[in-house]
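Trainee: Enclosed is the structure file run-v1.tsv (TSV, C-alpha atoms).
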```
chain	number	residue	atom	x	y	z
Y	129	MET	CA	10.27	20.79	-9.85
Y	130	THR	CA	9.14	17.30	-10.79
Y	131	THR	CA	10.74	14.05	-9.78
Y	132	PRO	CA	12.61	12.27	-12.59
Y	133	GLU	CA	11.02	9.17	-14.01
Y	134	PRO	CA	12.31	6.06	-12.25
Y	135	ALA	CA	14.29	3.85	-14.59
Y	136	ASP	CA	11.97	0.93	-13.91
Y	137	ASP	CA	8.97	2.52	-15.65
Y	138	HIS	CA	6.60	-0.41	-15.15
Y	139	ARG	CA	6.24	0.92	-11.59
Y	140	VAL	CA	5.59	4.54	-12.57
Y	141	ILE	CA	2.21	5.87	-11.41
Y	142	ARG	CA	1.15	9.00	-13.22
Y	143	THR	CA	-2.66	8.68	-13.27
Y	144	LEU	CA	-4.72	7.54	-10.29
Y	145	SER	CA	-8.50	7.40	-10.02
Y	146	VAL	CA	-10.66	7.95	-6.94
Y	147	PRO	CA	-14.34	6.99	-6.67
Y	148	THR	CA	-15.81	10.32	-5.49
Y	149	SER	CA	-15.52	13.93	-6.58
Y	150	GLU	CA	-14.84	14.90	-2.96
Y	151	LEU	CA	-11.71	12.72	-2.91
Y	152	ARG	CA	-10.66	14.00	-6.33
Y	153	ASP	CA	-10.90	17.63	-5.22
Y	154	THR	CA	-9.21	16.97	-1.86
Y	155	LEU	CA	-6.31	15.01	-3.33
Y	156	ALA	CA	-5.77	16.92	-6.58
Y	157	ASP	CA	-2.70	18.71	-5.19
Y	158	ALA	CA	-1.19	15.70	-3.39
Y	159	SER	CA	1.64	15.33	-5.93
Y	160	PRO	CA	2.64	17.33	-9.01
Y	161	ASN	CA	3.59	14.04	-10.63
Y	162	VAL	CA	0.27	12.21	-10.23
Y	163	GLU	CA	-2.98	13.25	-11.91
Y	164	VAL	CA	-6.01	12.39	-9.78
Y	165	VAL	CA	-9.16	11.66	-11.81
Y	166	LEU	CA	-12.69	10.57	-11.00
Y	167	TRP	CA	-13.83	6.99	-11.61
Y	168	ASP	CA	-16.99	6.03	-9.74
Y	169	PHE	CA	-17.18	2.57	-11.39
Y	170	GLU	CA	-20.57	3.46	-12.85
Y	171	ASP	CA	-19.32	5.58	-15.74
Y	172	ALA	CA	-15.96	5.56	-17.54
Y	173	PRO	CA	-12.98	7.29	-15.86
Y	174	ASP	CA	-13.27	11.04	-16.21
Y	175	GLY	CA	-10.95	12.51	-18.83
Y	176	VAL	CA	-8.60	9.56	-19.22
Y	177	ASP	CA	-8.49	6.46	-21.39
Y	178	PRO	CA	-9.09	3.56	-18.94
Y	179	ALA	CA	-6.34	1.61	-20.68
Y	180	LYS	CA	-3.88	4.32	-19.59
Y	181	LEU	CA	-4.98	4.40	-15.97
Y	182	ASP	CA	-2.10	3.40	-13.65
Y	183	ALA	CA	-3.85	3.09	-10.29
Y	184	ALA	CA	-7.40	3.01	-8.92
Y	185	VAL	CA	-8.88	3.56	-5.48
Y	186	LEU	CA	-11.89	1.31	-4.90
Y	187	PRO	CA	-15.17	2.59	-3.46
Y	188	TYR	CA	-15.72	2.02	0.24
Y	189	THR	CA	-16.73	-1.55	1.09
Y	190	GLY	CA	-20.03	-2.67	-0.40
Y	191	GLN	CA	-20.86	0.58	-2.20
Y	192	ALA	CA	-20.63	-0.70	-5.77
Y	193	ASP	CA	-20.77	-3.87	-7.85
Y	194	LEU	CA	-17.25	-4.12	-9.24
Y	195	THR	CA	-17.72	-7.31	-11.27
Y	196	GLY	CA	-15.67	-6.91	-14.44
Y	197	ALA	CA	-14.81	-3.32	-13.54
Y	198	PHE	CA	-11.19	-3.57	-14.67
Y	199	ALA	CA	-11.79	-5.20	-18.04
Y	200	THR	CA	-10.89	-1.97	-19.84
Y	201	ALA	CA	-8.19	-0.85	-17.39
Y	202	THR	CA	-5.56	-2.99	-19.05
Y	203	GLY	CA	-2.59	-0.89	-17.90
Y	204	LEU	CA	-3.50	-0.97	-14.22
Y	205	LYS	CA	-0.54	-1.42	-11.87
Y	206	LEU	CA	-2.08	-0.75	-8.45
Y	207	VAL	CA	-5.46	-1.12	-6.74
Y	208	GLN	CA	-5.95	0.69	-3.44
Y	209	THR	CA	-8.77	-0.37	-1.11
Y	210	GLN	CA	-10.46	1.82	1.46
Y	211	SER	CA	-10.81	-1.15	3.79
Y	212	THR	CA	-8.40	-3.27	5.78
Y	213	GLY	CA	-9.78	-6.49	4.29
Y	214	TYR	CA	-9.12	-7.24	0.65
Y	215	ASP	CA	-10.94	-10.52	0.10
Y	216	GLY	CA	-12.25	-10.65	-3.46
Y	217	VAL	CA	-9.93	-7.90	-4.68
Y	218	VAL	CA	-7.33	-10.37	-5.96
Y	219	ASP	CA	-9.95	-11.98	-8.19
Y	220	LEU	CA	-11.06	-8.53	-9.32
Y	221	ALA	CA	-7.63	-7.13	-10.13
Y	222	GLY	CA	-5.73	-10.25	-11.16
Y	223	PRO	CA	-2.44	-11.65	-9.88
Y	224	ASP	CA	-0.14	-9.17	-11.65
Y	225	VAL	CA	-1.64	-5.99	-10.20
Y	226	ALA	CA	-0.40	-4.67	-6.85
Y	227	ILE	CA	-3.00	-4.35	-4.06
Y	228	ALA	CA	-2.65	-1.95	-1.15
Y	229	THR	CA	-5.08	-1.74	1.76
Y	230	ALA	CA	-6.18	0.94	4.19
Y	231	ALA	CA	-4.64	-0.92	7.13
Y	232	GLY	CA	-4.63	1.32	10.19
Y	233	VAL	CA	-7.41	3.63	9.05
Y	234	HIS	CA	-10.16	1.52	10.63
Y	235	ALA	CA	-8.29	0.14	13.62
Y	236	ALA	CA	-9.64	2.43	16.35
Y	237	ALA	CA	-13.23	2.38	15.08
Y	238	THR	CA	-13.37	-1.39	14.64
Y	239	ALA	CA	-11.78	-1.96	18.03
Y	240	GLU	CA	-14.29	0.29	19.77
Y	241	LEU	CA	-17.18	-1.55	18.09
Y	242	ALA	CA	-15.76	-4.93	19.12
Y	243	VAL	CA	-15.61	-3.79	22.73
Y	244	GLY	CA	-18.99	-2.09	22.39
Y	245	LEU	CA	-20.58	-5.32	21.18
Y	246	ALA	CA	-18.99	-7.19	24.07
Y	247	LEU	CA	-20.34	-4.69	26.59
Y	248	ALA	CA	-23.79	-4.56	25.00
Y	249	SER	CA	-24.21	-8.33	25.06
Y	250	LEU	CA	-22.47	-9.06	28.35
Y	251	ARG	CA	-24.38	-6.30	30.17
Y	252	GLY	CA	-27.73	-7.16	28.57
Y	253	ILE	CA	-28.09	-3.85	26.74
Y	254	ASP	CA	-29.51	-5.66	23.71
Y	255	ASP	CA	-32.15	-7.28	25.92
Y	256	ALA	CA	-32.95	-3.91	27.51
Y	257	VAL	CA	-33.52	-2.33	24.09
Y	258	ARG	CA	-35.96	-5.09	23.17
Y	259	GLN	CA	-37.74	-4.70	26.51
Y	260	GLN	CA	-37.90	-0.92	26.17
Y	261	ALA	CA	-39.86	-1.32	22.94
Y	262	GLN	CA	-42.43	-3.27	24.98
Y	263	GLY	CA	-42.39	-0.94	27.98
Y	264	LEU	CA	-40.91	-3.66	30.22
Y	265	TRP	CA	-38.65	-3.18	33.26
Y	266	ARG	CA	-36.71	-6.37	33.99
Y	267	SER	CA	-33.66	-6.05	36.17
Y	268	ALA	CA	-31.25	-8.97	35.89
Y	269	ARG	CA	-27.65	-9.92	36.61
Y	270	TYR	CA	-25.50	-10.28	33.49
Y	271	PRO	CA	-21.92	-11.58	33.20
Y	272	GLY	CA	-20.27	-8.21	32.51
Y	273	LEU	CA	-16.90	-7.80	30.82
Y	274	ALA	CA	-14.67	-7.58	33.90
Y	275	ASP	CA	-12.98	-10.91	34.72
Y	276	ARG	CA	-14.12	-12.51	31.45
Y	277	ARG	CA	-11.63	-14.79	29.70
Y	278	VAL	CA	-11.35	-13.49	26.16
Y	279	LEU	CA	-10.01	-15.48	23.20
Y	280	LEU	CA	-8.80	-12.86	20.69
Y	281	VAL	CA	-8.46	-14.46	17.25
Y	282	GLY	CA	-6.32	-12.10	15.20
Y	283	VAL	CA	-3.19	-10.23	16.28
Y	284	GLY	CA	-2.77	-7.64	13.51
Y	285	GLY	CA	-3.24	-3.90	13.86
Y	286	ILE	CA	-6.92	-4.05	14.77
Y	287	GLY	CA	-6.38	-7.04	17.04
Y	288	GLU	CA	-3.76	-5.07	18.95
Y	289	GLN	CA	-6.13	-2.12	19.32
Y	290	ILE	CA	-8.80	-4.47	20.70
Y	291	ARG	CA	-6.30	-6.00	23.12
Y	292	ARG	CA	-5.31	-2.59	24.46
Y	293	ARG	CA	-8.92	-1.64	25.09
Y	294	LEU	CA	-9.80	-4.96	26.69
Y	295	GLU	CA	-7.00	-4.54	29.21
Y	296	THR	CA	-8.75	-1.52	30.72
Y	297	PHE	CA	-11.80	-3.68	31.42
Y	298	GLU	CA	-9.78	-6.10	33.56
Y	299	THR	CA	-10.17	-9.09	31.26
Y	300	GLU	CA	-7.93	-12.12	30.84
Y	301	ILE	CA	-6.80	-12.19	27.21
Y	302	THR	CA	-5.49	-15.12	25.16
Y	303	ARG	CA	-4.26	-14.20	21.68
Y	304	VAL	CA	-4.40	-16.46	18.63
Y	305	GLY	CA	-2.59	-15.99	15.32
Y	306	SER	CA	-1.86	-18.14	12.31
Y	307	GLU	CA	1.21	-19.63	14.01
Y	308	ALA	CA	2.48	-19.86	17.59
Y	309	ARG	CA	5.09	-17.27	18.52
Y	310	ASP	CA	6.12	-14.76	21.14
Y	311	ASP	CA	6.16	-10.98	20.83
Y	312	ASP	CA	6.42	-7.93	23.08
Y	313	GLN	CA	2.97	-8.63	24.54
Y	314	GLY	CA	3.65	-12.29	25.36
Y	315	HIS	CA	2.62	-15.54	23.74
Y	316	VAL	CA	0.51	-15.92	20.62
Y	317	HIS	CA	-1.16	-19.31	20.19
Y	318	ALA	CA	-1.60	-20.99	16.83
Y	319	SER	CA	-5.04	-21.21	15.25
Y	320	SER	CA	-4.61	-24.99	15.32
Y	321	GLU	CA	-5.01	-24.73	19.13
Y	322	LEU	CA	-8.49	-23.17	19.02
Y	323	VAL	CA	-10.42	-26.31	19.93
Y	324	GLU	CA	-8.11	-26.89	22.89
Y	325	LEU	CA	-8.34	-23.26	24.04
Y	326	ALA	CA	-12.08	-22.76	23.57
Y	327	PRO	CA	-13.37	-24.52	26.75
Y	328	ARG	CA	-11.40	-22.11	28.96
Y	329	HIS	CA	-12.87	-18.90	27.50
Y	330	ASP	CA	-16.10	-16.97	27.94
Y	331	VAL	CA	-15.74	-14.66	24.93
Y	332	VAL	CA	-14.32	-15.13	21.42
Y	333	ILE	CA	-13.53	-12.01	19.39
Y	334	VAL	CA	-12.74	-12.67	15.73
Y	335	ILE	CA	-10.65	-10.12	13.82
Y	336	THR	CA	-8.56	-12.25	11.48
Y	337	PRO	CA	-8.48	-11.58	7.72
Y	338	LEU	CA	-10.55	-13.81	5.45
Y	339	THR	CA	-8.26	-16.13	3.52
Y	340	ASP	CA	-8.49	-19.73	2.34
Y	341	ALA	CA	-6.90	-20.70	5.66
Y	342	THR	CA	-9.37	-18.76	7.84
Y	343	ARG	CA	-12.62	-19.44	5.99
Y	344	GLY	CA	-14.79	-21.34	8.48
Y	345	LEU	CA	-12.04	-21.15	11.11
Y	346	ILE	CA	-14.60	-20.72	13.88
Y	347	GLY	CA	-16.55	-23.77	12.89
Y	348	GLN	CA	-18.70	-26.42	14.51
Y	349	GLU	CA	-15.85	-28.03	16.44
Y	350	VAL	CA	-14.60	-24.77	17.96
Y	351	LEU	CA	-18.11	-23.58	18.77
Y	352	ALA	CA	-19.05	-26.88	20.39
Y	353	ALA	CA	-15.94	-26.66	22.59
Y	354	LEU	CA	-16.96	-23.28	24.04
Y	355	PRO	CA	-18.63	-23.36	27.45
Y	356	ASP	CA	-22.37	-22.77	27.82
Y	357	GLY	CA	-23.24	-19.10	27.69
Y	358	ALA	CA	-20.07	-18.07	25.82
Y	359	LEU	CA	-20.24	-15.05	23.52
Y	360	VAL	CA	-18.96	-15.06	19.91
Y	361	ILE	CA	-18.13	-11.63	18.47
Y	362	ASN	CA	-17.22	-11.27	14.79
Y	363	VAL	CA	-15.84	-7.96	13.49
Y	364	ALA	CA	-13.67	-9.58	10.78
Y	365	ARG	CA	-15.47	-11.11	7.80
Y	366	GLY	CA	-18.63	-13.17	8.01
Y	367	ALA	CA	-17.18	-16.28	6.40
Y	368	VAL	CA	-14.50	-16.70	9.09
Y	369	VAL	CA	-17.32	-18.03	11.26
Y	370	ASP	CA	-19.52	-20.94	10.18
Y	371	THR	CA	-22.91	-19.20	10.15
Y	372	GLU	CA	-24.93	-22.41	10.09
Y	373	ALA	CA	-23.10	-23.90	13.06
Y	374	LEU	CA	-23.27	-20.66	15.03
Y	375	THR	CA	-26.97	-20.25	14.30
Y	376	ARG	CA	-27.71	-23.69	15.71
Y	377	GLU	CA	-25.87	-22.88	18.94
Y	378	VAL	CA	-27.48	-19.44	19.35
Y	379	VAL	CA	-31.02	-20.53	18.50
Y	380	ALA	CA	-30.65	-23.39	20.99
Y	381	GLY	CA	-29.72	-20.82	23.64
Y	382	ARG	CA	-26.34	-22.35	24.39
Y	383	LEU	CA	-24.19	-19.53	22.96
Y	384	ARG	CA	-24.66	-15.82	22.39
Y	385	ALA	CA	-23.45	-13.90	19.33
Y	386	ALA	CA	-22.67	-10.25	18.59
Y	387	LEU	CA	-21.99	-9.88	14.88
Y	388	ASP	CA	-20.98	-6.90	12.77
Y	389	VAL	CA	-20.36	-9.20	9.79
Y	390	VAL	CA	-22.28	-12.24	8.63
Y	391	ASP	CA	-22.26	-14.81	5.84
Y	392	PRO	CA	-24.15	-14.24	3.62
Y	393	GLU	CA	-24.23	-10.49	3.97
Y	394	PRO	CA	-26.83	-9.26	4.58
Y	395	LEU	CA	-28.65	-12.17	6.14
Y	396	PRO	CA	-31.93	-13.13	4.45
Y	397	GLU	CA	-34.93	-11.45	6.07
Y	398	ASP	CA	-36.23	-14.76	7.43
Y	399	HIS	CA	-32.90	-15.92	8.88
Y	400	PRO	CA	-33.37	-17.20	12.46
Y	401	LEU	CA	-30.49	-15.10	13.82
Y	402	TRP	CA	-32.57	-11.93	13.35
Y	403	SER	CA	-35.02	-13.02	16.01
Y	404	ALA	CA	-32.78	-15.15	18.23
Y	405	PRO	CA	-32.79	-13.71	21.79
Y	406	GLY	CA	-29.05	-14.27	22.15
Y	407	ALA	CA	-28.04	-12.49	18.94
Y	408	LEU	CA	-27.00	-8.87	18.44
Y	409	ILE	CA	-26.40	-7.79	14.83
Y	410	THR	CA	-24.97	-4.56	13.44
Y	411	PRO	CA	-24.81	-3.92	9.65
Y	412	HIS	CA	-21.04	-4.06	9.00
Y	413	ASN	CA	-20.39	-0.74	10.72
Y	414	GLY	CA	-16.99	-1.67	12.14
Y	415	GLY	CA	-14.80	1.01	10.57
Y	416	ASN	CA	-17.56	3.37	9.49
Y	417	THR	CA	-17.41	6.29	11.91
Y	418	GLU	CA	-16.74	9.99	11.47
Y	419	ALA	CA	-13.07	9.20	12.07
Y	420	PHE	CA	-12.96	7.43	8.70
Y	421	PRO	CA	-13.09	10.32	6.17
Y	422	PRO	CA	-10.13	12.33	7.50
Y	423	ARG	CA	-8.08	9.19	8.09
Y	424	ILE	CA	-8.64	7.75	4.62
Y	425	ARG	CA	-7.89	11.14	3.06
Y	426	ALA	CA	-4.63	11.32	4.99
Y	427	LEU	CA	-3.63	7.79	3.94
Y	428	LEU	CA	-4.44	8.40	0.28
Y	429	ARG	CA	-2.54	11.68	0.29
Y	430	ARG	CA	0.55	9.96	1.71
Y	431	GLN	CA	0.16	7.14	-0.81
Y	432	ILE	CA	-0.05	9.54	-3.76
Y	433	GLN	CA	2.99	11.46	-2.53
Y	434	VAL	CA	5.00	8.23	-2.27
Y	435	LEU	CA	3.90	7.15	-5.72
Y	436	GLY	CA	4.69	10.54	-7.18
Y	437	GLU	CA	8.25	10.23	-5.89
Y	438	GLY	CA	8.63	6.80	-7.49
Y	439	GLY	CA	8.46	4.99	-4.15
Y	440	GLU	CA	6.89	1.71	-3.15
Y	441	PRO	CA	3.24	1.94	-2.04
Y	442	VAL	CA	2.50	1.41	1.65
Y	443	ASN	CA	0.30	-1.42	2.92
Y	444	LEU	CA	1.01	-3.75	-0.02
Y	445	VAL	CA	-0.64	-7.14	0.34
Y	446	GLN	CA	-0.06	-8.18	-3.28
Y	447	ARG	CA	3.15	-6.78	-4.70
Y	448	GLY	CA	2.50	-6.88	-8.45
Y	449	PRO	CA	5.15	-4.73	-10.18
Y	450	TRP	CA	6.88	-4.18	-6.83
Y	451	ALA	CA	7.66	-7.87	-6.42
```
Render the structure in this file as structure tokens.

Mentor:
Amino acid sequence: MTTPEPADDHRVIRTLSVPTSELRDTLADASPNVEVVLWDFEDAPDGVDPAKLDAAVLPYTGQADLTGAFATATGLKLVQTQSTGYDGVVDLAGPDVAIATAAGVHAAATAELAVGLALASLRGIDDAVRQQAQGLWRSARYPGLADRRVLLVGVGGIGEQIRRRLETFETEITRVGSEARDDDQGHVHASSELVELAPRHDVVIVITPLTDATRGLIGQEVLAALPDGALVINVARGAVVDTEALTREVVAGRLRAALDVVDPEPLPEDHPLWSAPGALITPHNGGNTEAFPPRIRALLRRQIQVLGEGGEPVNLVQRGPWA
């Protein structure tokens, strides 16, 4: 038995595209009211007029050039990302199309990488890997993570997962959000306090979304205020940190950096951060673990079921027809 059409039919989703045949086959039976079709953004949507497509799931981050992808999808009501971040998607979809993210899907994986980068840098594992390639044995004392004062910039779902993991390593955590407030975990400082807070912290972990307000948030002034030897970890978006200012500090040997995201991405082959002794770089692997496929499938299945029942999509960051 099918669900009746909601009266407000500009919100009705009856055709949704996914970017891989595996997702199409897995999600085909998610709802009797939603047809799941293949659109890999290289060829036209499979078996449906793009102008009649109601919703589209984007490829995983960085897997396709989507410039102008929606020019023919003139009836699109919803864009679903497979990432937590959605920078650039508003420009792609336009202001009248709803945007939903995969918030929650990547939280555990990104949090474990953030802590892994902290451990690798603060315990000298990156140095040991370089020395191993040369057959060198150089024992040294490194700061370690225990007793470090950590400035956690970002208090959303991933930020909370990072906080929980950091607690087990006996760190002192200061949280920073867009505005000052209190919650169940204590006080959240405003981002306007970063320069004041920076001198009292050994580690900065960045996990705030990229917006106009956060672009360059960790800039020259904040970096200069950090104490000598401090570590900057970015698992958010590269442009939240001023790459040029950070590079100067790291190349000079005053700060260390552990970066899963950079700006530009990827860095040019001759960029000085590649060879800087105090830099550790991973290629935007934050949420990309074997936990991702089953979690994204589960989220998309729930989303399709909600849409098939005429409900409001979960994880909306731009409301479009659901405004």

Trainee: I'd like to know which of Y:Gly436, Y:Gly314, Y:Gly222, Y:Gly366 is closest to Asp391 of chain Y, using only C-alpha atoms.

Mentor: Y:Gly366

Trainee: Which residues are near Ile409 of chain Y? Cut-off 6 Å, all atoms listed in the file, ignore same chain within fewer than 2 positions. Put them as a PDB file with C-alpha atoms, in the frame of the given file.

Mentor:
```pdb
ATOM      1  CA  ALA Y 386     -22.670 -10.250  18.590  1.00  0.00           C
ATOM      2  CA  LEU Y 387     -21.990  -9.880  14.880  1.00  0.00           C
ATOM      3  CA  ASP Y 388     -20.980  -6.900  12.770  1.00  0.00           C
TER       4      ASP Y 388
END
```

Trainee: For Glu150 of chain Y, which of Y:Pro392, Y:Ala451, Y:Pro421, Y:Asp311 is the closest residue, counting only C-alpha atoms?

Mentor: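 Checking each candidate against Glu150 of chain Y, we get Y:Pro421 as the closest.
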
Trainee: Suppose you want the space between atom CA of Asn161 of chain Y and atom CA of Val146 of chain Y; what is it in Å?

Mentor: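 Atom CA of Asn161 of chain Y sits 15.9 Å away from atom CA of Val146 of chain Y.
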
Trainee: How close does segment 401-445 of chain Y get to segment 242-252 of chain Y? List, as a tab-separated table, each residue of segment 401-445 of chain Y within 10 Å, its nearest atom pair and the distance in Å to one decimal, counting only C-alpha atoms.

Mentor:
```
residue	atom	partner	partner_atom	distance
Y:Gly406	CA	Y:Ser249	CA	8.2
Y:Ala407	CA	Y:Ser249	CA	8.3
Y:Leu408	CA	Y:Ser249	CA	7.2
Y:Ile409	CA	Y:Leu245	CA	9.0
Y:Thr410	CA	Y:Leu245	CA	8.9
Y:Gly414	CA	Y:Ala242	CA	7.8
```

Trainee: Tell me which of Y:Asp168, Y:Glu437, Y:Asp157, Y:Glu300 sits closest to Arg139 of chain Y, counting all atoms listed in the file.

Mentor: Y:Glu437

Trainee: Return the single residue from Y:Glu298, Y:Asp224, Y:Glu321, Y:Asp215 that is closest to Ile346 of chain Y, with distances computed using all atoms listed in the file.

Mentor: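 Among Y:Glu298, Y:Asp224, Y:Glu321, Y:Asp215, it is Y:Glu321 that comes nearest to Ile346 of chain Y.
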
Trainee: For a test of reading the model, state the distance in Å between atom CA of Val185 of chain Y and atom CA of Pro160 of chain Y, rounded to one decimal.

Mentor: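 Separation of atom CA of Val185 of chain Y and atom CA of Pro160 of chain Y: 18.3 Å.
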
Trainee: Please, what distance in Å, to one decimal, runs between atom CA of Leu383 of chain Y and atom CA of Leu359 of chain Y?

Mentor: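 Interatomic distance, atom CA of Leu383 of chain Y to atom CA of Leu359 of chain Y: 6.0 Å.
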
Trainee: Near Trp265 of chain Y, within 9 Å and counting all atoms listed in the file, which residues show up once chain neighbours fewer than 5 positions away are dropped, as a list of chain:residue names?

Mentor: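 Result of the neighbour search: Y:Ala256, Y:Gln259, Y:Gln260.
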
Trainee: Can you tell me, as a list in words, what residues are no more than 12 Å from Ser159 of chain Y when counting all atoms listed in the file, ignoring any on the same chain fewer than 2 positions away?

Mentor: Met129, Thr130, Thr131, Ile141, Arg142, Thr143, Leu144, Thr154, Leu155, Ala156, Asp157, Asn161, Val162, Glu163, Val164, Leu428, Arg429, Arg430, Gln431, Ile432, Gln433, Val434, Leu435, Gly436, Glu437 and Gly438 of chain Y

Trainee: For a quick check of understanding, using only C-alpha atoms, which of Y:Thr212, Y:Ala235, Y:Pro449, Y:Glu240 has the smallest distance to Arg365 of chain Y?

Mentor: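 So, comparing all the options, the nearest one is Y:Thr212.
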
Trainee: For Tyr214 of chain Y, please output as a list in words all residues within 10 Å (counting all atoms listed in the file; exclusion window: fewer than 6 positions along the same chain).

Mentor: Thr189, Gln208, Ile227, Ala228, Thr229, Ala230, Pro337, Leu338, Thr339, Val445 and Gln446 of chain Y

Trainee: Give me segment 149-164 of chain Y with N, CA, C and O atoms filled in, as a compact mmCIF listing (two decimals), keeping the file's coordinate frame.

Mentor:
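Result written to out.txt:
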```txt
# COMPACT_ATOMS: atom_id res chain seq x y z
N SER Y 149 -16.03 12.60 -6.23
CA SER Y 149 -15.52 13.93 -6.58
C SER Y 149 -14.91 14.62 -5.37
O SER Y 149 -13.98 15.42 -5.51
N GLU Y 150 -15.41 14.31 -4.18
CA GLU Y 150 -14.84 14.90 -2.96
C GLU Y 150 -13.39 14.48 -2.80
O GLU Y 150 -12.51 15.31 -2.49
N LEU Y 151 -13.09 13.19 -3.00
CA LEU Y 151 -11.71 12.72 -2.91
C LEU Y 151 -10.86 13.32 -4.03
O LEU Y 151 -9.72 13.71 -3.80
N ARG Y 152 -11.42 13.41 -5.22
CA ARG Y 152 -10.66 14.00 -6.33
C ARG Y 152 -10.25 15.44 -6.00
O ARG Y 152 -9.09 15.83 -6.17
N ASP Y 153 -11.19 16.22 -5.51
CA ASP Y 153 -10.90 17.63 -5.22
C ASP Y 153 -9.93 17.77 -4.06
O ASP Y 153 -9.04 18.64 -4.07
N THR Y 154 -10.07 16.90 -3.05
CA THR Y 154 -9.21 16.97 -1.86
C THR Y 154 -7.78 16.57 -2.18
O THR Y 154 -6.83 17.13 -1.63
N LEU Y 155 -7.63 15.60 -3.08
CA LEU Y 155 -6.31 15.01 -3.33
C LEU Y 155 -5.65 15.52 -4.61
O LEU Y 155 -4.54 15.09 -4.94
N ALA Y 156 -6.29 16.45 -5.29
CA ALA Y 156 -5.77 16.92 -6.58
C ALA Y 156 -4.36 17.48 -6.49
O ALA Y 156 -3.57 17.35 -7.43
N ASP Y 157 -4.02 18.08 -5.34
CA ASP Y 157 -2.70 18.71 -5.19
C ASP Y 157 -1.71 17.86 -4.41
O ASP Y 157 -0.67 18.34 -3.98
N ALA Y 158 -2.04 16.56 -4.22
CA ALA Y 158 -1.19 15.70 -3.39
C ALA Y 158 0.22 15.56 -3.96
O ALA Y 158 1.21 15.51 -3.23
N SER Y 159 0.33 15.47 -5.29
CA SER Y 159 1.64 15.33 -5.93
C SER Y 159 1.59 15.97 -7.32
O SER Y 159 0.64 15.72 -8.07
N PRO Y 160 2.60 16.75 -7.66
CA PRO Y 160 2.64 17.33 -9.01
C PRO Y 160 2.88 16.28 -10.09
O PRO Y 160 2.71 16.56 -11.28
N ASN Y 161 3.26 15.09 -9.67
CA ASN Y 161 3.59 14.04 -10.63
C ASN Y 161 2.47 13.04 -10.86
O ASN Y 161 2.62 12.12 -11.66
N VAL Y 162 1.37 13.16 -10.11
CA VAL Y 162 0.27 12.21 -10.23
C VAL Y 162 -1.03 12.98 -10.49
O VAL Y 162 -1.42 13.84 -9.70
N GLU Y 163 -1.68 12.66 -11.60
CA GLU Y 163 -2.98 13.25 -11.91
C GLU Y 163 -4.07 12.42 -11.25
O GLU Y 163 -4.14 11.20 -11.44
N VAL Y 164 -4.91 13.07 -10.47
CA VAL Y 164 -6.01 12.39 -9.78
C VAL Y 164 -7.30 12.64 -10.56
O VAL Y 164 -7.70 13.80 -10.76
```
